[in-house]
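Engineer: One structure, as structure tokens, below. Some questions next.
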Protein chains: 2
Amino acid sequence: MATTPWFSTSDSCWLRPQHVLPLLGHGPQVLGDGRLQTTIREELAAAAAEVAPGPGTTKPGEHALLLATHEDLALTHPGMAAAVEPALVGLGPEGYVTTTHAGTDLLTAADARGLLHGFYALLRDGLAVFDGSTRREEPTCPVRMVNQWDNLSADAPMGSVERGYSGDSIFYADGAVVQDRRRVKDYARLLASVGINALSLNNVNVHGPETRLMTDHVQDVADLARTFADHGIATYLSINYAAPIEIGGLGTADPLDPQVRQWWVQASEALFAQVPDLGGYLVKADSENRPGPFTYGRTHADGANMLAEALRPHGGTVFWRCFVYDCRQDWRDRRTDRARAAYDHFMPLDGEFADNVVLQVKNGPMDFQVREPVSPLLGGLERTNVVMELQIAQEYTGQQKHACYLAPQWKQVLDFDTRSADPRAPSGAAVRDVVAGRTFARPVAGVAAVSNIGDDVYWTGHPWAQANLYAYGRLAWDPASDPDDLLHRWSRLTYPDLPDVQRAVVDILAGSWLTYERYTSPLGVGWMVEPGHHYGPSIEGYEYSAWGTYHFADRDGVGVDRTVATGTGYTGQYREPWASVYESVDRCPDELLLFFHHVPYGHELASGRTVIQHIYDTHFQGVEEVQAMVARWEQVADQVDGALAERVSGRLAEQLRSAREWRDQVNTYFRRASGVDDARGRTIY
Amino acid sequence: MATTPWFSTSDSCWLRPQHVLPLLGHGPQVLGDGRLQTTIREELAAAAAEVAPGPGTTKPGEHALLLATHEDLALTHPGMAAAVEPALVGLGPEGYVTTTHAGTDLLTAADARGLLHGFYALLRDGLAVFDGSTRREEPTCPVRMVNQWDNLSADAPMGSVERGYSGDSIFYADGAVVQDRRRVKDYARLLASVGINALSLNNVNVHGPETRLMTDHVQDVADLARTFADHGIATYLSINYAAPIEIGGLGTADPLDPQVRQWWVQASEALFAQVPDLGGYLVKADSENRPGPFTYGRTHADGANMLAEALRPHGGTVFWRCFVYDCRQDWRDRRTDRARAAYDHFMPLDGEFADNVVLQVKNGPMDFQVREPVSPLLGGLERTNVVMELQIAQEYTGQQKHACYLAPQWKQVLDFDTRSADPRAPSGAAVRDVVAGRTFARPVAGVAAVSNIGDDVYWTGHPWAQANLYAYGRLAWDPASDPDDLLHRWSRLTYPDLPDVQRAVVDILAGSWLTYERYTSPLGVGWMVEPGHHYGPSIEGYEYSAWGTYHFADRDGVGVDRTVATGTGYTGQYREPWASVYESVDRCPDELLLFFHHVPYGHELASGRTVIQHIYDTHFQGVEEVQAMVARWEQVADQVDGALAERVSGRLAEQLRSAREWRDQVNTYFRRASGVDDARGRTIY
């Protein structure tokens with residue numbers, strides 16, 4: 001029956017066609033002929049072709065099922081429309097309402113975007129929502145973005161996908177946009193199905209070929225953007241700040257130069273004329289050797305506002321990354337602290353950015369380490385649009401060879417209250433409030449995250465890394481979500497009809513982030529990875545580098561003194577009470593101690609253990625936990641298809657090997673440095 | 001006048017055309033029409049075109065100058081031939097005689113090869129040799145080989161030239177032998193001019209494309225070999241041990257398999273039929289992931305002898321490298337010692353190799369570190385042909401960015417007496433005796449060295465790295481040469497008419513190897529380099545690697561215990577007295593202490609300093625010496641042409657930067673580890 005498979009060439013992840021069965025069983029009717037309604041109809045038809053071999057399957061259930069915007073509903077079902085209207089009052093364009101009216105289960109929304117979100121909610125959660133009550137649902141974060149770090153060809157400086165661990169780009173190959181767009185469409189469906197509403201199409205490091213996406217490849221970009229717009233997703237381009245020079249033929253990219261400003265106005269006009277579904281630009285400027293306004297003695301507000309001015313006529317937005325630091329630091333210079341950089345650069349500009357500029361701030365002050373404090377800039381900015389940047393790609397967390405479910409990390413960040421350490425006295429300035437736009441009522445707020453997908457058949461290298469993409473979308477939709485609950489939901493959707501597997505995968509993944517932390521980098525110190533590719537341990541790999549990433553371990557102790565009193569003063573960037581909490585070696589949470597303080601190996605943690613014994617204990621424990629993960633998987637591996645079992649088992653074996661390597665290198669390094677034996681006499685080489 | 005320049009596209013190094021002027025002034029006559037005599041005539045003509053604008057320059061001097069083999073001489077000058085005959089008795093085919101007979105200065109030899117060597121000696125040393133006496137000169141080492149590590153294309157795993165620091169290969173580009181062979185011929189002239197008599201044409205790591213040099217590219221190989229043979233140099237091919245599988249279509253490369261043996265016989269027959277100037281094969285087997293006889297449970301004698309059998313009908317020789325060790329070692333394994341590997345593998349096979357097999361043994365047991373002990377295999381083997389392998393390419397000694405004159409290092413190795421520590425009681429088994437074939441009267445002996453040249457206009461990246469190529473050739477000819485004397489001679493030849501520059505360059509280079517040692521790796525410990533590319537410091541870069549390269553530094557001490565009593569037992573591979581000398585922490589020479597012993601930082605050296613203070617002192621001193629080098633060069637830099645001055649000054653600036661980085665990283669690392677302050681209170685970061 002099915003001529004087009006449900007997913008063109010890949011695993012369908014959590015979007016299994018059987019999840020459409022309950023809807024099909026009710027003979028769903030979709031009103032309206034907008035592009036998103038068409039998408040819903042296509043999804044239904046494709047699923048029906050895949051999972052409904054006999055006509056009986058599509059027999060209508062007890063209730064009819066109707067999906068319509070309120071406007072379309074009013075045309076054909078005015079009574080129903082009038083009845084549901086109160087529930088729609090004040091609901092945003094991405095919200096939706098479920099209700100039951102006179103024997104009809106109704107999904108409705110003010111805008112087709114809400115309808116699409118509601119449709120995918122029915123796929124995820126089934127029809128139990130139609131229990132007689134009326135429910136409103138809408139996203140918490142206005143911006144829920146994914147950033148592709150894809151390059152136009154595999155011979156780009158960092159390969160097909162920078163920090164990509166899942167094969168090559170699904171968008172580009174050999175210097176051009178791929179012609180077979182089926183995989184792109186499947187990706188749009190996956191993103192839409194978890195509520196993503198924005199996507200940047202190319203790597204933030206925009207090299208020569210990618211600079212020309214806005215010119216030479218503009219028709220292909222338009223086509224990609226149309227596919228994503230059909231799924232409720234706005235498309236952004238990462239642009240090269242030096243484009244006026246590189247493709248404009250100008251002698252400068254000075255943001256205050258009238259010719260440069262005019263060039264961006266005209267380039268944006270031409271671009272929007274041909275790519276009507278464009279959302280705007282994403283910019284990495286003055287960062288890791290990329291060009292930017294500093295070259296011309298201008299501020300980042302000057303730079304961003306110039307682009308904002310060019311985008312304003314088209315309703316476009318500038319996402320401007322705050323990942324600006326000195327990547328040519330001298331390790332001998334103990335006063336410069338990379339952790340300070342984003343705040344030092346951007347805090348003085350608070351209030352100077354146009355209202356269609358959004359600062360994109362990494363969750364932590366460094367770069368996606370397994371454990372970092374929350375960036376003080378997130379709590380600092382009061383008069384500037386902000387999105388927080390996360391990394392779904394597991395650059396520093398096992399590169400999708402290791403199972404590491406990251407939602408608990410993200411949740412900790414979202415729950416961090418930038419102005420209160422007392423969970424019973426929330427200040428309304430938790431990160432989840434900031435990214436919701438609630439704190440200081442920012443017009444634009446939200447989250448962005450670096451994608452973890454590629455042309456791998458499982459999308460994400462490790463099949464379980466799909467959970468991170470899923471959970472990111474759902475946390476972006478509702479930062480109050482519980483990571484464990486999301487994990488259960490993802491597992492149930494991904495392994496339907498395999499309850500043993502569902503439970504095993506949840507058991508394995510639930511604590512996997514903490515397990516990863518245990519066998520790698522202790523107490524927030526970070527960066528003990530192989531330079532360059534960032535996989536595997538190298539305790540001193542970044543210790544004498546130019547990247548501002550040091551742990552200062554010596555025979556007496558370890559950690560970075562970032563206090564105001566005796567260190568780099570970084571703790572002073574936090575609002576109270578955190579400035580005081582982090583400043584104090586006694587009040588600083590154990591898990592961040594070495595991020596904020598340099599302490600002797602014998603220093604006693606809040607846990608009662610010494611630092612050195614904590615290092616030994618956690619590293620032994622981490623490996624034991626990976627061994628348990630392997631054993632747990634072996635109990636159910638034979639229940640899944642052979643290719644999946646082999647992929648997962650192979651990755652788990654590598655995780656165990658790597659975890660042991662981490663354990664032994666870290667323990668040996670600190671044993672050699674401290675001279676302290678393990679209190680439990682375990683083997684340290 | 002000159003239509004063909006003296007050197008086609010490059011610097012002519014020490015072979016300046018003006019060195020031919022004294023000969024031209026005597027109207028030299030070359031007898032005979034052999035290929036080498038033709039080469040001599042071409043050199044004279046080319047130089048004449050370059051440096052002799054007027055006819056007066058070629059006016060005959062007081063004496064006529066005659067160059068002829070004894071055979072040719074006898075045909076036309078029977079009296080002179082009879083007179084000189086006694087001087088030729090017992091002289092080898094590469095030897096030559098200079099004498100004066102009845103107003104004619106005569107260079108003669110039994111073979112044209114000797115004549116060519118004598119010709120270049122006259123260029124190097126002038127005509128003062130014709131002082132009325134009769135002199136015999138012949139090379140000490142029968143084999144004086146250069147190994148190219150060149151690949152067929154720049155996208156080979158290690159680039160155009162593996163460990164090449166001087167641009168791309170002059171032999172190959174884009175998967176083929178280059179068509180413009182002018183540069184190749186110039187290289188042949190340079191090598192011949194210092195006495196080299198053998199060259200291997202391609203990288204010892206023979207990948208797919210290079211495996212086909214013996215088939216697809218055989219006519220080009222023949223052409224290259226002809227060019228070198230015209231300069232007295234035999235050409236060797238590095239072969240792929242798995243060639244019977246990869247290009248022969250067999251299922252095995254087992255050396256005892258009759259089909260495999262037959263394949264090599266036939267392949268060699270075909271090859272020698274088309275490349276009559278071939279000398280034989282160079283083989284890297286069972287080394288760093290290359291194939292070899294171990295795959296089939298055979299010994300290296302089995303492998304080498306199979307090839308020897310195939311080469312014997314053609315008079316060919318197999319050079320078989322002894323660089324065989326476990327490159328997948330577990331750093332946790334303290335019993336395995338890479339330093340032991342060559343001896344452990346090859347010593348038990350002494351006497352089992354065919355007489356046209358030569359074992360090629362690196363000078364030290366590890367891999368061309370700035371300081372290593374002499375390989376015990378060189379003193380061990382008694383019934384096997386041996387050549388010692390050196391590295392002219394500065395892989396671990398500054399990569400031709402740093403000025404580092406290596407002849408003093410090589411000289412130390414050559415002077416090492418494998419059976420005596422008393423210079424007044426030489427045993428006749430010094431390395432210079434071994435490579436001369438004097439010890440145990442080996443039929444083949446000599447030296448081989450990895451080339452340092454590429455298509456750079458100065459050949460060697462750093463123009464002063466030319467001195468290493470020159471000195472290698474001259475030391476190979478006569479290991480008794482004094483490195484300082486060779487340096488003076490090279491400098492005078494390279495910078496004729498610039499005596500200030502000559503002196504400055506000698507001042508800078510004479511001690512540059514020891515300077516390099518001072519600011520890099522202390523007391524023989526080695527390996528504190530960036531993994532992979534091996535440039536710049538990384539104190540722990542190889543400490544947890546699979547390469548068998550560790551220093552075991554901890555808070556208490558540093559070094560590798562290789563004693564029999566408590567360590568890996570490596571010292572036991574030496575003959576007495578060295579086994580006892582190295583075994584004893586008190587008798588072991590300071591400069592090798594950490595190679596043989598793990599000692600506390602407070603250990604007192606023979607010099608009276610502690611280990612830790614030695615580390616600090618030498619690192620400060622090394623940088624000061626580089627500063628002095630820079631200052632010395634600045635005194636004369638304006639006397640050379642601008643391009644040369646710029647190249648040298650740029651490299652010196654990088655050397656100074658790098659030396660400071662070495663100093664600071666090493667000092668900081670050991671300060672952190674030891675907790676000991678510098679006794680002189682200098683800055684340690």
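Residue numbers start at 1 in each chain; chains themselves are named A, B, ... in the order of the structure tokens; ligands are numbered from 1 in the order shown.
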Considering only C-alpha atoms, extract the chain A residues located within 10 Å of chain B and return them as a PyMOL selection string.
Structural biologist: chain A and resi 331-334+530+537-545+552-557+661+664-665+668-675+684-685
Engineer: Identify, with DSSP run on backbone atoms, the residues in region 169-393 of chain A assigned to strand (DSSP E), and express the list as a short mmCIF file (atom, residue, chain, number, x, y, z; two decimals) with C-alpha atoms, in the first residue's frame.
Structural biologist:
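Now in result_2.cif:
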```
data_model
loop_
_atom_site.label_atom_id
_atom_site.label_comp_id
_atom_site.auth_asym_id
_atom_site.auth_seq_id
_atom_site.Cartn_x
_atom_site.Cartn_y
_atom_site.Cartn_z
CA TYR A 172 24.58 20.58 2.23
CA ALA A 173 27.10 18.54 0.31
CA ALA A 176 25.72 23.22 -2.53
CA VAL A 177 22.34 22.61 -0.95
CA ALA A 198 12.88 28.64 14.62
CA LEU A 199 15.92 27.19 12.89
CA SER A 200 19.18 28.68 11.77
CA ALA A 234 10.97 30.34 10.82
CA THR A 235 14.35 30.09 9.13
CA TYR A 236 17.40 32.18 10.02
CA LEU A 237 20.71 32.56 8.26
CA SER A 238 24.01 32.77 10.06
CA ILE A 239 25.68 35.67 8.34
CA LEU A 278 13.09 34.16 6.52
CA GLY A 279 13.16 35.13 10.20
CA GLY A 280 16.40 37.08 10.24
CA TYR A 281 20.05 36.64 11.05
CA LEU A 282 22.21 34.83 13.57
CA VAL A 283 25.61 36.40 14.18
CA THR A 317 15.22 39.68 14.06
CA VAL A 318 18.96 39.64 14.79
CA PHE A 319 20.23 36.93 17.12
CA TRP A 320 23.61 38.17 18.34
CA ARG A 321 25.82 35.73 20.19
CA VAL A 357 17.98 42.41 18.50
CA VAL A 358 18.23 39.40 20.77
CA LEU A 359 21.38 38.56 22.68
CA GLN A 360 22.10 34.84 22.60
CA VAL A 361 23.84 33.90 25.85
CA LYS A 362 25.34 30.49 26.53
CA ASN A 385 16.09 40.74 24.66
CA VAL A 386 17.70 37.46 25.62
CA VAL A 387 17.70 33.87 24.51
CA MET A 388 19.75 31.27 26.30
CA GLU A 389 21.92 29.02 24.15
CA LEU A 390 22.22 25.34 25.01
CA GLN A 391 24.07 22.60 23.19
#
```
Engineer: Using only C-alpha atoms, which residues sit within 7 Å of region 159-168 of chain A once same-chain residues fewer than 6 positions away are excluded, as a short mmCIF file (atom, residue, chain, number, x, y, z; two decimals) with all heavy atoms, in the first residue's frame?
Structural biologist:
```cif
data_model
loop_
_atom_site.label_atom_id
_atom_site.label_comp_id
_atom_site.auth_asym_id
_atom_site.auth_seq_id
_atom_site.Cartn_x
_atom_site.Cartn_y
_atom_site.Cartn_z
N TRP A 149 24.93 23.80 12.92
CA TRP A 149 26.31 24.25 12.68
C TRP A 149 26.83 23.56 11.42
O TRP A 149 27.94 23.04 11.40
CB TRP A 149 27.19 23.96 13.90
CG TRP A 149 27.00 24.94 15.04
CD1 TRP A 149 26.12 25.98 15.09
CD2 TRP A 149 27.71 24.97 16.28
NE1 TRP A 149 26.24 26.66 16.29
CE2 TRP A 149 27.21 26.06 17.05
CE3 TRP A 149 28.73 24.18 16.83
CZ2 TRP A 149 27.69 26.38 18.32
CZ3 TRP A 149 29.20 24.49 18.10
CH2 TRP A 149 28.70 25.58 18.83
N ASP A 150 26.01 23.60 10.38
CA ASP A 150 26.31 22.87 9.14
C ASP A 150 27.10 23.74 8.17
O ASP A 150 26.82 24.94 8.03
CB ASP A 150 25.01 22.44 8.47
CG ASP A 150 24.25 21.39 9.28
OD1 ASP A 150 24.27 21.49 10.52
OD2 ASP A 150 23.64 20.50 8.67
N ASN A 151 28.04 23.13 7.52
CA ASN A 151 28.84 23.80 6.50
C ASN A 151 28.48 23.28 5.11
O ASN A 151 27.90 22.21 4.97
CB ASN A 151 30.33 23.56 6.76
CG ASN A 151 30.75 24.12 8.10
OD1 ASN A 151 30.41 25.26 8.45
ND2 ASN A 151 31.48 23.32 8.87
N LEU A 152 28.87 24.05 4.11
CA LEU A 152 28.45 23.70 2.75
C LEU A 152 29.17 22.47 2.19
O LEU A 152 28.70 21.86 1.24
CB LEU A 152 28.66 24.89 1.81
CG LEU A 152 27.43 25.79 1.69
CD1 LEU A 152 27.78 27.14 1.09
CD2 LEU A 152 26.35 25.13 0.83
N SER A 153 30.31 22.13 2.78
CA SER A 153 30.95 20.91 2.29
C SER A 153 31.77 20.27 3.39
O SER A 153 32.10 20.90 4.40
CB SER A 153 31.84 21.20 1.07
OG SER A 153 32.91 22.01 1.46
N ALA A 393 24.02 19.02 20.86
CA ALA A 393 25.20 18.25 20.44
C ALA A 393 26.09 18.03 21.65
O ALA A 393 26.33 18.95 22.42
CB ALA A 393 25.97 19.00 19.36
N GLU A 395 29.16 17.94 22.54
CA GLU A 395 30.58 18.23 22.30
C GLU A 395 31.46 17.80 23.47
O GLU A 395 32.47 17.14 23.28
CB GLU A 395 30.76 19.72 22.01
CG GLU A 395 32.21 20.12 21.79
CD GLU A 395 32.35 21.59 21.43
OE1 GLU A 395 31.31 22.27 21.24
OE2 GLU A 395 33.50 22.06 21.32
N GLN A 399 30.03 13.16 23.01
CA GLN A 399 29.97 13.19 21.55
C GLN A 399 29.08 12.10 20.95
O GLN A 399 29.38 11.52 19.92
CB GLN A 399 31.39 13.15 20.97
CG GLN A 399 32.20 14.33 21.53
CD GLN A 399 33.46 14.64 20.76
OE1 GLN A 399 33.86 13.89 19.89
NE2 GLN A 399 34.06 15.78 21.07
N GLN A 400 27.99 11.84 21.64
CA GLN A 400 27.00 10.91 21.13
C GLN A 400 27.58 9.50 20.92
O GLN A 400 26.99 8.68 20.23
CB GLN A 400 26.31 11.49 19.89
CG GLN A 400 25.39 12.64 20.33
CD GLN A 400 25.30 13.81 19.36
OE1 GLN A 400 25.76 14.90 19.66
NE2 GLN A 400 24.72 13.58 18.21
N ASN A 452 21.96 18.33 17.30
CA ASN A 452 22.82 17.14 17.39
C ASN A 452 22.58 16.16 16.25
O ASN A 452 22.91 15.00 16.38
CB ASN A 452 22.61 16.45 18.75
CG ASN A 452 21.20 15.88 18.91
OD1 ASN A 452 20.30 16.23 18.14
ND2 ASN A 452 21.00 15.03 19.91
N ILE A 453 21.99 16.64 15.15
CA ILE A 453 21.62 15.66 14.11
C ILE A 453 22.51 15.75 12.87
O ILE A 453 23.20 16.74 12.64
CB ILE A 453 20.15 15.84 13.66
CG1 ILE A 453 19.97 17.16 12.89
CG2 ILE A 453 19.21 15.77 14.85
CD1 ILE A 453 19.86 16.99 11.38
N GLY A 454 22.47 14.69 12.09
CA GLY A 454 23.18 14.62 10.82
C GLY A 454 22.54 13.54 9.97
O GLY A 454 21.43 13.06 10.29
N ASP A 455 23.22 13.14 8.91
CA ASP A 455 22.57 12.20 7.99
C ASP A 455 22.67 10.75 8.44
O ASP A 455 22.34 9.83 7.68
CB ASP A 455 23.09 12.40 6.56
CG ASP A 455 24.53 11.93 6.40
OD1 ASP A 455 25.15 11.51 7.39
OD2 ASP A 455 25.04 11.99 5.26
N ASP A 456 23.14 10.52 9.63
CA ASP A 456 23.09 9.20 10.25
C ASP A 456 21.66 8.65 10.21
O ASP A 456 20.70 9.41 10.36
CB ASP A 456 23.56 9.35 11.71
CG ASP A 456 23.32 8.10 12.53
OD1 ASP A 456 23.67 7.00 12.07
OD2 ASP A 456 22.75 8.23 13.63
N TRP A 459 19.78 9.66 13.01
CA TRP A 459 19.83 11.11 13.13
C TRP A 459 20.93 11.62 14.05
O TRP A 459 21.51 12.68 13.79
CB TRP A 459 18.49 11.70 13.63
CG TRP A 459 17.35 11.56 12.68
CD1 TRP A 459 16.46 10.54 12.65
CD2 TRP A 459 16.98 12.46 11.64
NE1 TRP A 459 15.54 10.75 11.64
CE2 TRP A 459 15.83 11.93 11.02
CE3 TRP A 459 17.49 13.68 11.18
CZ2 TRP A 459 15.19 12.55 9.94
CZ3 TRP A 459 16.85 14.31 10.12
CH2 TRP A 459 15.72 13.74 9.51
N THR A 460 21.17 10.90 15.16
CA THR A 460 21.97 11.47 16.24
C THR A 460 23.15 10.59 16.63
O THR A 460 23.69 10.74 17.73
CB THR A 460 21.08 11.68 17.49
OG1 THR A 460 20.40 10.44 17.78
CG2 THR A 460 20.07 12.77 17.28
N GLY A 461 23.59 9.70 15.77
CA GLY A 461 24.71 8.83 16.13
C GLY A 461 24.27 7.82 17.16
O GLY A 461 23.86 6.70 16.82
#
```
Engineer: When you look at Asp111 (chain B) with a cut-off of 12 Å (counting only C-alpha atoms), what residues show up, excluding the ones that are within fewer than 2 positions of it in the same chain? I need them as a PyMOL selection string.
Structural biologist: chain B and resi 32+34-37+67-73+88+91-97+107-109+113-118+138+232
Engineer: I need the residue nearest Ala441 (chain A) from this list: A:Glu382, A:Ala308, A:Ala425, A:Leu66. Use only C-alpha atoms for the distance.
Structural biologist: A:Glu382
Engineer: Can you pull out the residues contacting Ser580 (chain B)? Cut-off 12 Å, using only C-alpha atoms, and skip same-chain residues under 6 positions away; I want them as a list in words.
Structural biologist: Arg419, Ser420, Ala421, Thr563, Val564, Ala565, Gly569, Tyr570, Thr571, Gly572, Gln573, Tyr574, Asp586, Arg587, Cys588, Pro589 and Phe596 of chain B
Engineer: Between CA of Gly602 (chain A) and CA of Val558 (chain A), what is the distance in Å, rounded to a tenth?
Structural biologist: 10.5 Å
Engineer: Could you check how far CA of Trp6 (chain A) sits from CA of Gln219 (chain A), in Å to one decimal?
Structural biologist: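 If I compute the distance from CA of Trp6 (chain A) to CA of Gln219 (chain A), I get 27.1 Å.
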Engineer: Which residue is closest to Glu654 (chain A)? Choose from A:Lys401, A:His534, A:Arg424, A:His488 and count only C-alpha atoms.
Structural biologist: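 With only C-alpha atoms as the atom set, the closest residue is A:Lys401.
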Engineer: Near Asp590 (chain A), counting only C-alpha atoms, which residues have an atom at most 8 Å away, once you skip same-chain residues fewer than 4 positions from it, shown as a list in words?
Structural biologist: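 Once the nearby chain positions are removed, what remains is Leu523, Leu605, Ala606 and Ser607 of chain A.
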Engineer: Counting only C-alpha atoms, what is within 8 Å of Ala471 (chain B), bar same-chain residues fewer than 5 positions away, as a CSV table (one decimal) with N, CA, C and O atoms, in the first residue's frame?
Structural biologist:
```
chain,number,residue,atom,x,y,z
B,407,ALA,N,75.0,18.1,13.7
B,407,ALA,CA,76.2,17.3,13.6
B,407,ALA,C,76.9,17.0,14.9
B,407,ALA,O,77.4,15.8,15.1
B,483,PRO,N,82.7,18.2,13.8
B,483,PRO,CA,81.5,19.0,13.4
B,483,PRO,C,81.7,20.5,13.3
B,483,PRO,O,81.2,21.2,12.5
B,486,LEU,N,83.4,21.1,10.0
B,486,LEU,CA,82.4,21.0,8.9
B,486,LEU,C,81.6,22.2,8.9
B,486,LEU,O,81.2,22.7,7.8
B,487,LEU,N,81.2,22.8,10.0
B,487,LEU,CA,80.4,24.0,10.1
B,487,LEU,C,81.1,25.1,9.4
B,487,LEU,O,80.5,25.9,8.6
B,490,TRP,N,81.2,24.5,5.7
B,490,TRP,CA,79.8,24.8,5.1
B,490,TRP,C,79.5,26.3,5.0
B,490,TRP,O,79.1,26.8,4.0
```
Engineer: For the helix (DSSP H, G or I) assignment from backbone DSSP, which residues of region 439-561 of chain A qualify? Please present them as JSON, numbers by chain.
Structural biologist: {"A": [439, 440, 441, 463, 464, 465, 466, 467, 468, 469, 470, 471, 472, 473, 474, 475, 476, 477, 483, 484, 485, 486, 487, 488, 489, 490, 491, 492, 493, 494, 499, 500, 501, 502, 503, 504, 505, 506, 507, 508, 509, 510, 512, 513, 514, 515, 516, 517, 518, 519, 522, 523, 524]}
Engineer: Point out the residue among A:Glu646, A:Ala449, A:Ala242, A:Glu372 with the least atom-to-atom distance to Ile392 (chain A), counting only C-alpha atoms.
Structural biologist: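 That would be A:Ala449, the residue with the smallest distance to Ile392 (chain A).
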Engineer: Go through A:Thr439, A:Thr418, A:Gln409, A:Thr104 and flag the residue nearest Ala510 (chain A), using only C-alpha atoms for the distances.
Structural biologist: A:Gln409
Engineer: Do you have the CA of Glu210 (chain B)-CA of Ile247 (chain B) distance handy?
Structural biologist: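 Taking CA of Glu210 (chain B) and CA of Ile247 (chain B), their separation equals 11.0 Å.
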Engineer: Using only C-alpha atoms, can you tell me which of B:Glu137, B:Asp433, B:Glu42, B:Glu517 comes closest to Gly195 (chain B)?
Structural biologist: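 Of all the options, B:Glu137 lies closest to Gly195 (chain B).
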